[in-house]
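K.L.:
Just dropping this structure here.
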Amino acid sequence: MADPVRYSFPAPNSYPNWLRLALSLVLLFSLWLWPEGRLPLQALWQLMLAPLALLPWLVRAPETLPFLLADNGEGVELGSGEPFRLDRRSWVLGSVALLWVQPGGRRWWLSRGQMDRAGWHRLCRILVRLGSTESEP
C-alpha cells in the first residue's frame, strides 16, 4: 500500500504570545481591582501574587519544528523525524487552530497568518475529518 500524501506545515507555537499577554493582563487587573481592606495584609498578598503575572513569560516551551501531515491526521516532525498523530480534541476557532499531538499530549498552536490560504484550508479540512470520525477503542 502506498504512503499517504503528506503536506508541509510551518513550525507551530507551543504557547501563543497573545494568550500569554491576555493571562498576564487578567491577573494584573484582577489584583488591581481588589477592594481595599478585603483581606488581612492585602498589600502583601498583592505584592506576592503580582510576579505570577510574569510566569507565562518565563516558561520556555519546547522548540517545535515544521511538520508533514497526512489527511488521516498522521504526521512526522521534520528534522527529528518523530512520528505523531493528531488527537480528536484538536480544533479550529476563527483564525487559530489548537492541535493535540499524540504521543505525549503536546498542544501546538497554529494561526492562519503562519501559512498560505491553501495550507490553512487543508489543515481545517483535516481537523474537521478527525472530529467527525468515530474514535477507535
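Chain labels A, B, ... are given in the sequence in which chains occur in the C-alpha cells; within each chain residues are numbered consecutively from 1, and ligands are likewise numbered from 1 in the order shown.
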When you look at segment 27-33 of chain A with a cut-off of 10 Å (counting only C-alpha atoms), what residues show up, excluding the ones that are within fewer than 2 positions of it in the same chain? I need them as a PyMOL selection string.

P.N.:
chain A and resi 22-25+35-36+42-43+45-47+49-54

K.L.:
Tell me, as a list in words, which residues lie within 8 Å of Arg112 of chain A, counting only C-alpha atoms; anything in the same chain fewer than 6 positions away does not count.

P.N.:
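My list of contacting residues is Ser95, Val96 and Trp120 of chain A.
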
K.L.:
Residues at most 8 Å from Gly73 of chain A, counting only C-alpha atoms, excluding those fewer than 4 positions away in the same chain, as a PyMOL selection string?

P.N.:
chain A and resi 69+85-87+126-127+130

K.L.:
How would the residues just chosen look if you wrote them out with C-alpha atoms as an mmCIF file, in the first residue's frame?

P.N.:
```cif
data_model
loop_
_atom_site.group_PDB
_atom_site.id
_atom_site.type_symbol
_atom_site.label_atom_id
_atom_site.label_comp_id
_atom_site.auth_asym_id
_atom_site.auth_seq_id
_atom_site.Cartn_x
_atom_site.Cartn_y
_atom_site.Cartn_z
ATOM 1 C CA LEU A 69 0.723 15.959 7.934
ATOM 2 C CA ARG A 85 -0.887 11.573 15.343
ATOM 3 C CA LEU A 86 -3.398 14.355 15.899
ATOM 4 C CA ASP A 87 -5.973 13.659 18.573
ATOM 5 C CA ILE A 126 -8.062 17.526 8.254
ATOM 6 C CA LEU A 127 -9.280 18.665 11.689
ATOM 7 C CA LEU A 130 -10.728 13.962 12.644
#
```

K.L.:
Which distance in Å separates atom CA of Arg125 of chain A and atom CA of Leu93 of chain A, to one decimal?

P.N.:
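If I compute the distance from atom CA of Arg125 of chain A to atom CA of Leu93 of chain A, I get 12.9 Å.
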
K.L.:
Can you tell me, as an MDAnalysis selection string, which residues in segment 13-136 of chain A count as helix (DSSP H, G or I) by DSSP?

P.N.:
chainID A and resid 17:32 42:58 112:114 117:132

K.L.:
Ranking A:Gly119, A:Ala97, A:Leu21, A:Leu41 by minimum distance to Tyr7 of chain A and counting only C-alpha atoms, which one comes first?

P.N.:
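The answer is A:Gly119, which sits nearest to Tyr7 of chain A.
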
K.L.:
Taking only C-alpha atoms into account, which of A:Arg38, A:Pro66, A:Val26, A:Trp100 comes nearest Gln114 of chain A?

P.N.:
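Of A:Arg38, A:Pro66, A:Val26, A:Trp100, the one nearest Gln114 of chain A is A:Pro66, counting only C-alpha atoms.
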
K.L.:
Just list the residues in chain A DSSP gives strand (DSSP E) on the backbone, as a PyMOL selection string.

P.N.:
chain A and resi 6-9+67-70+74-77+83-86+91-93+96-102+106-111

K.L.:
What is the distance between atom CA of Ser132 of chain A and atom CA of Ala118 of chain A, in Å to one decimal?

P.N.:
21.2 Å
